[in-house]
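Data block below; observations after.
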Amino acid sequence: MREFKILVIVAVVVGIIYWGVEPLAHSIMHPKVSAANYDFKEADAEAIEQIKKQIPLAEQKLQAAKEAKDDKEIKQAQKKLDKLQNNLAQLEAFWNDIDFSQGNAQEGKAIIMEQCLTCHNVASQGLTRITGQSDEEVAAAYGVLPPDLSNIASVLDRNYLAHFIKNPILASKLWEKDDFNHAMPPYMHFSDKELADVVVYLESIAPKELSDKEAFEQSCARCHSVNYDSVPALSNPSDVERYLGKKAPDLSMMIRSRGADYLEKFINDPQKLLANTSMPRVGATQKAEKQIIAYLESVGDSKKAERESLGFKIIIFFVVMSILAYLWKRKIWNDLH
């Protein structure tokens, strides 16, 4: 009976730690965030509301600095307030509903040939940069290699892609970075019809299906490497660091260190989990994102299914051994008494 009481006490303590202390610690270190949202217009509505809440606080801070007659604080507070107000104005006017049914693929091709081939290739269509520069030269000039556009519409949400062309900084949620110049210039002068033309053309040439690895390479490999699968970053790491201000990590074991749930939310909206991170929102569709995570899992956690099935067997083994140990102990003590 005493052994049973000890077992109950141990089980209670372990239960409190596992279901109480550990979740509490995790919630403090990793605050809960909303689920991944692939309607990027709707997702940015949340960002707009957050900015609206921040503006009165910034105004109060500016007023306090003025009352304290602290010129340095006044300048910083005014800069912060101006930035918030500017971001709010731009975001409220940014997202709109584009009628892609009006897009014309041939007109989109003409726009790309006229506007995009200075930086981009469309290798599947035999379209190369008109400058004749190599990938290395272009990556060094811009800090990151502009993507080949052959498969881009296979991985990016069409509405995101159109708005990224319109303003890359707003679409990729890098508006908090000070003095950041995106490698891609904004095309705010494009009409909705022109944006629809470009996207429809890119969709017309994009493969209907990509492998998990191809989805990763299209979405992530310009900055990130996967050394465990011999996939190098397409851009020079030092150029990427100079461009974004941070090194882009190798992703070989990212699935093990972060987990699928974290990666799903982070790829969808990096700022949600890591404010002011250099990682841009890439605009991947839910399908493409699942492929990216599946690829990372195949490289960094290929034994996951085997490990999980083995874990259940080990638990059963310990339960059986505990019962046998208890019965053996009872037999020994019965012989002694």
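All residue names refer to the structure tokens as shown: chains lettered A, B, ... in order, residues numbered from 1 in each chain, ligands numbered from 1 in order.
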8 Å contact set for stretch 111-127 of chain A, only C-alpha atoms, chain neighbours under 2 positions out, as a ChimeraX atom specification = /A:107-109,129-131,138,146-150,194,198,205
If you keep C-alpha atoms, can you produce a file of those selected residues as a PDB file, in the first residue's frame?
```pdb
ATOM      1  CA  GLU A 107      -0.478  41.921 -72.025  1.00  0.00           C
ATOM      2  CA  GLY A 108       1.114  40.682 -68.802  1.00  0.00           C
ATOM      3  CA  LYS A 109       3.980  39.164 -70.772  1.00  0.00           C
ATOM      4  CA  ARG A 129      18.018  39.696 -68.082  1.00  0.00           C
ATOM      5  CA  ILE A 130      18.517  42.357 -70.700  1.00  0.00           C
ATOM      6  CA  THR A 131      21.578  43.624 -68.792  1.00  0.00           C
ATOM      7  CA  VAL A 138      22.963  40.934 -59.612  1.00  0.00           C
ATOM      8  CA  PRO A 146      15.982  38.464 -57.653  1.00  0.00           C
ATOM      9  CA  PRO A 147      13.916  35.309 -58.225  1.00  0.00           C
ATOM     10  CA  ASP A 148      13.428  33.601 -61.538  1.00  0.00           C
ATOM     11  CA  LEU A 149       9.730  34.168 -62.263  1.00  0.00           C
ATOM     12  CA  SER A 150       9.039  30.826 -63.967  1.00  0.00           C
ATOM     13  CA  GLU A 194      -1.883  45.857 -65.206  1.00  0.00           C
ATOM     14  CA  VAL A 198       1.110  40.314 -64.828  1.00  0.00           C
ATOM     15  CA  ILE A 205       3.410  29.733 -67.235  1.00  0.00           C
TER      16      ILE A 205
END
```
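Neighbours of A:Arg242 closer than or equal to 10 Å, with only C-alpha atoms counted and sequence neighbours fewer than 4 positions away skipped, come out as Ala140, Tyr142, Gly143, Val144, Pro237, Ser238, Lys246 and Lys247 of chain A.
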Produce a file of the selected residues containing all heavy atoms, as a PDB file, in the first residue's frame.
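So the final result, stored in part_2.pdb, reads:
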```pdb
ATOM      1  N   ALA A 140      25.047  40.586 -55.795  1.00  0.00           N
ATOM      2  CA  ALA A 140      25.974  41.497 -55.126  1.00  0.00           C
ATOM      3  C   ALA A 140      25.469  42.931 -55.192  1.00  0.00           C
ATOM      4  O   ALA A 140      25.617  43.709 -54.235  1.00  0.00           O
ATOM      5  CB  ALA A 140      27.359  41.384 -55.758  1.00  0.00           C
ATOM      6  N   TYR A 142      22.231  43.969 -55.461  1.00  0.00           N
ATOM      7  CA  TYR A 142      20.995  44.204 -54.726  1.00  0.00           C
ATOM      8  C   TYR A 142      21.004  43.642 -53.311  1.00  0.00           C
ATOM      9  O   TYR A 142      20.131  43.966 -52.508  1.00  0.00           O
ATOM     10  CB  TYR A 142      19.811  43.615 -55.496  1.00  0.00           C
ATOM     11  CG  TYR A 142      19.528  44.327 -56.792  1.00  0.00           C
ATOM     12  CD1 TYR A 142      19.830  43.735 -58.010  1.00  0.00           C
ATOM     13  CD2 TYR A 142      18.952  45.598 -56.809  1.00  0.00           C
ATOM     14  CE1 TYR A 142      19.576  44.393 -59.211  1.00  0.00           C
ATOM     15  CE2 TYR A 142      18.702  46.257 -57.998  1.00  0.00           C
ATOM     16  CZ  TYR A 142      19.019  45.655 -59.198  1.00  0.00           C
ATOM     17  OH  TYR A 142      18.776  46.309 -60.380  1.00  0.00           O
ATOM     18  N   GLY A 143      21.968  42.776 -53.005  1.00  0.00           N
ATOM     19  CA  GLY A 143      22.014  42.156 -51.682  1.00  0.00           C
ATOM     20  C   GLY A 143      21.365  40.793 -51.651  1.00  0.00           C
ATOM     21  O   GLY A 143      21.620  39.998 -50.757  1.00  0.00           O
ATOM     22  N   VAL A 144      20.513  40.525 -52.616  1.00  0.00           N
ATOM     23  CA  VAL A 144      19.839  39.227 -52.711  1.00  0.00           C
ATOM     24  C   VAL A 144      19.509  38.990 -54.178  1.00  0.00           C
ATOM     25  O   VAL A 144      19.270  39.933 -54.929  1.00  0.00           O
ATOM     26  CB  VAL A 144      18.556  39.205 -51.847  1.00  0.00           C
ATOM     27  CG1 VAL A 144      17.512  40.178 -52.390  1.00  0.00           C
ATOM     28  CG2 VAL A 144      17.979  37.808 -51.747  1.00  0.00           C
ATOM     29  N   PRO A 237      25.922  34.726 -48.701  1.00  0.00           N
ATOM     30  CA  PRO A 237      25.478  35.025 -47.338  1.00  0.00           C
ATOM     31  C   PRO A 237      25.912  36.407 -46.842  1.00  0.00           C
ATOM     32  O   PRO A 237      25.168  37.072 -46.116  1.00  0.00           O
ATOM     33  CB  PRO A 237      26.128  33.908 -46.512  1.00  0.00           C
ATOM     34  CG  PRO A 237      26.265  32.774 -47.475  1.00  0.00           C
ATOM     35  CD  PRO A 237      26.580  33.408 -48.797  1.00  0.00           C
ATOM     36  N   SER A 238      27.096  36.847 -47.215  1.00  0.00           N
ATOM     37  CA  SER A 238      27.556  38.165 -46.774  1.00  0.00           C
ATOM     38  C   SER A 238      26.733  39.280 -47.417  1.00  0.00           C
ATOM     39  O   SER A 238      26.479  40.321 -46.797  1.00  0.00           O
ATOM     40  CB  SER A 238      29.038  38.346 -47.090  1.00  0.00           C
ATOM     41  OG  SER A 238      29.274  38.250 -48.488  1.00  0.00           O
ATOM     42  N   LYS A 246      21.001  40.959 -40.935  1.00  0.00           N
ATOM     43  CA  LYS A 246      21.176  39.730 -40.153  1.00  0.00           C
ATOM     44  C   LYS A 246      21.565  38.589 -41.080  1.00  0.00           C
ATOM     45  O   LYS A 246      21.224  38.592 -42.261  1.00  0.00           O
ATOM     46  CB  LYS A 246      19.875  39.344 -39.432  1.00  0.00           C
ATOM     47  CG  LYS A 246      19.402  40.337 -38.386  1.00  0.00           C
ATOM     48  CD  LYS A 246      20.256  40.285 -37.138  1.00  0.00           C
ATOM     49  CE  LYS A 246      19.693  41.204 -36.061  1.00  0.00           C
ATOM     50  NZ  LYS A 246      20.524  41.178 -34.835  1.00  0.00           N
ATOM     51  N   LYS A 247      22.268  37.605 -40.528  1.00  0.00           N
ATOM     52  CA  LYS A 247      22.582  36.412 -41.305  1.00  0.00           C
ATOM     53  C   LYS A 247      21.321  35.561 -41.470  1.00  0.00           C
ATOM     54  O   LYS A 247      20.524  35.438 -40.547  1.00  0.00           O
ATOM     55  CB  LYS A 247      23.667  35.594 -40.601  1.00  0.00           C
ATOM     56  CG  LYS A 247      25.044  36.219 -40.629  1.00  0.00           C
ATOM     57  CD  LYS A 247      26.074  35.300 -39.986  1.00  0.00           C
ATOM     58  CE  LYS A 247      27.467  35.909 -40.072  1.00  0.00           C
ATOM     59  NZ  LYS A 247      28.494  35.031 -39.454  1.00  0.00           N
TER      60      LYS A 247
END
```
task: Do a neighbour search on A:Phe180 at 10 Å with only C-alpha atoms, toss out local chain neighbours closer than 5 positions, and write the hits as a ChimeraX atom specification.
output: /A:169,174-175,243-245
Helix (DSSP H, G or I) positions in stretch 182-216 of chain A, given as a list in words:
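Everything in stretch 182-216 of chain A that counts as helix (DSSP H, G or I) is Asp192, Lys193, Glu194, Leu195, Ala196, Asp197, Val198, Val199, Val200, Tyr201, Leu202, Glu203, Ser204, Ile205, Asp212, Lys213, Glu214, Ala215 and Phe216 of chain A.
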Taking 6 positions as the minimum chain separation for residues in the same chain, which residues sit within 9 Å of A:Pro207 when counting only C-alpha atoms? Answer as a PyMOL selection string. chain A and resi 150-151+153-154
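Counting from atom CA of A:Ala11, the distance to atom CA of A:Asn334 is 26.1 Å.
Atom CA of A:Ser225 sits 12.0 Å away from atom CA of A:Val240.
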Sorted by chain and rising residue number, list the residues of stretch 144-258 of chain A at most 7 Å from stretch 296-307 of chain A (counting only C-alpha atoms), each with its closest atom pair and distance in Å to one decimal, as a tab-separated table.
```
residue	atom	partner	partner_atom	distance
A:Tyr228	CA	A:Val299	CA	6.7
A:Asp229	CA	A:Val299	CA	6.6
A:Ser252	CA	A:Gly300	CA	5.4
A:Met253	CA	A:Gly300	CA	4.8
A:Ile255	CA	A:Glu297	CA	5.9
A:Arg256	CA	A:Asp301	CA	6.6
```
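For A:Lys41, the residues within 10 Å (counting only C-alpha atoms, excluding itself and residues fewer than 6 positions away along the chain) are Leu91, Phe94, Trp95, Asn96, Asp97, Asn159, Tyr160, His163 and Ala171 of chain A.
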Selected residues, N, CA, C and O atoms, written as a CSV table (one decimal), in the first residue's frame, please.
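See out.csv below for the written result:
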```
chain,number,residue,atom,x,y,z
A,91,LEU,N,-1.1,51.8,-45.2
A,91,LEU,CA,-1.7,50.5,-45.1
A,91,LEU,C,-3.2,50.5,-45.4
A,91,LEU,O,-3.8,49.7,-46.0
A,94,PHE,N,-3.7,50.5,-49.0
A,94,PHE,CA,-2.9,49.6,-49.7
A,94,PHE,C,-3.7,48.4,-50.4
A,94,PHE,O,-3.7,48.2,-51.6
A,95,TRP,N,-4.4,47.7,-49.5
A,95,TRP,CA,-5.0,46.4,-50.0
A,95,TRP,C,-6.3,46.8,-50.7
A,95,TRP,O,-7.2,47.5,-50.2
A,96,ASN,N,-6.5,46.2,-51.8
A,96,ASN,CA,-7.8,46.4,-52.5
A,96,ASN,C,-8.1,45.1,-53.3
A,96,ASN,O,-7.2,44.3,-53.5
A,97,ASP,N,-9.4,44.9,-53.7
A,97,ASP,CA,-9.8,43.7,-54.4
A,97,ASP,C,-9.5,43.9,-55.9
A,97,ASP,O,-10.1,44.7,-56.6
A,159,ASN,N,-3.2,37.4,-54.8
A,159,ASN,CA,-3.4,38.8,-54.3
A,159,ASN,C,-2.2,39.3,-53.6
A,159,ASN,O,-1.9,40.5,-53.8
A,160,TYR,N,-1.4,38.5,-52.9
A,160,TYR,CA,-0.2,39.0,-52.3
A,160,TYR,C,0.8,39.3,-53.4
A,160,TYR,O,1.5,40.4,-53.3
A,163,HIS,N,0.0,42.7,-54.9
A,163,HIS,CA,0.3,43.8,-54.0
A,163,HIS,C,1.8,43.9,-53.7
A,163,HIS,O,2.3,45.0,-53.4
A,171,ALA,N,3.8,44.8,-48.5
A,171,ALA,CA,3.4,43.4,-48.7
A,171,ALA,C,4.2,42.5,-47.8
A,171,ALA,O,3.6,41.5,-47.2
```
- Can you work out which one of A:Ile323, A:Ala284, A:Ala36, A:Val13 has the shortest atom-to-atom distance to A:Arg158, counting only C-alpha atoms?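 So, comparing all the options, the nearest one is A:Ala284.
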Each residue of stretch 132-166 of chain A with at least one atom at most 10 Å from stretch 189-193 of chain A should appear once, together with its nearest atom pair and the corresponding distance in Å (one decimal); atoms considered: only C-alpha atoms; ordering: chain, then increasing residue number; output as CSV.
```
residue,atom,partner,partner_atom,distance
A:Ala162,CA,A:Asp192,CA,8.5
A:His163,CA,A:Asp192,CA,9.5
A:Ile165,CA,A:Phe190,CA,8.7
A:Lys166,CA,A:Phe190,CA,7.0
```
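Going from atom CA of A:Asn268 over to atom CA of A:Asp82, you cover 27.8 Å.
Closest approach to A:Glu203 among A:Gln90, A:Gln106, A:Ser278, A:Ser322: A:Gln106, based on only C-alpha atoms.
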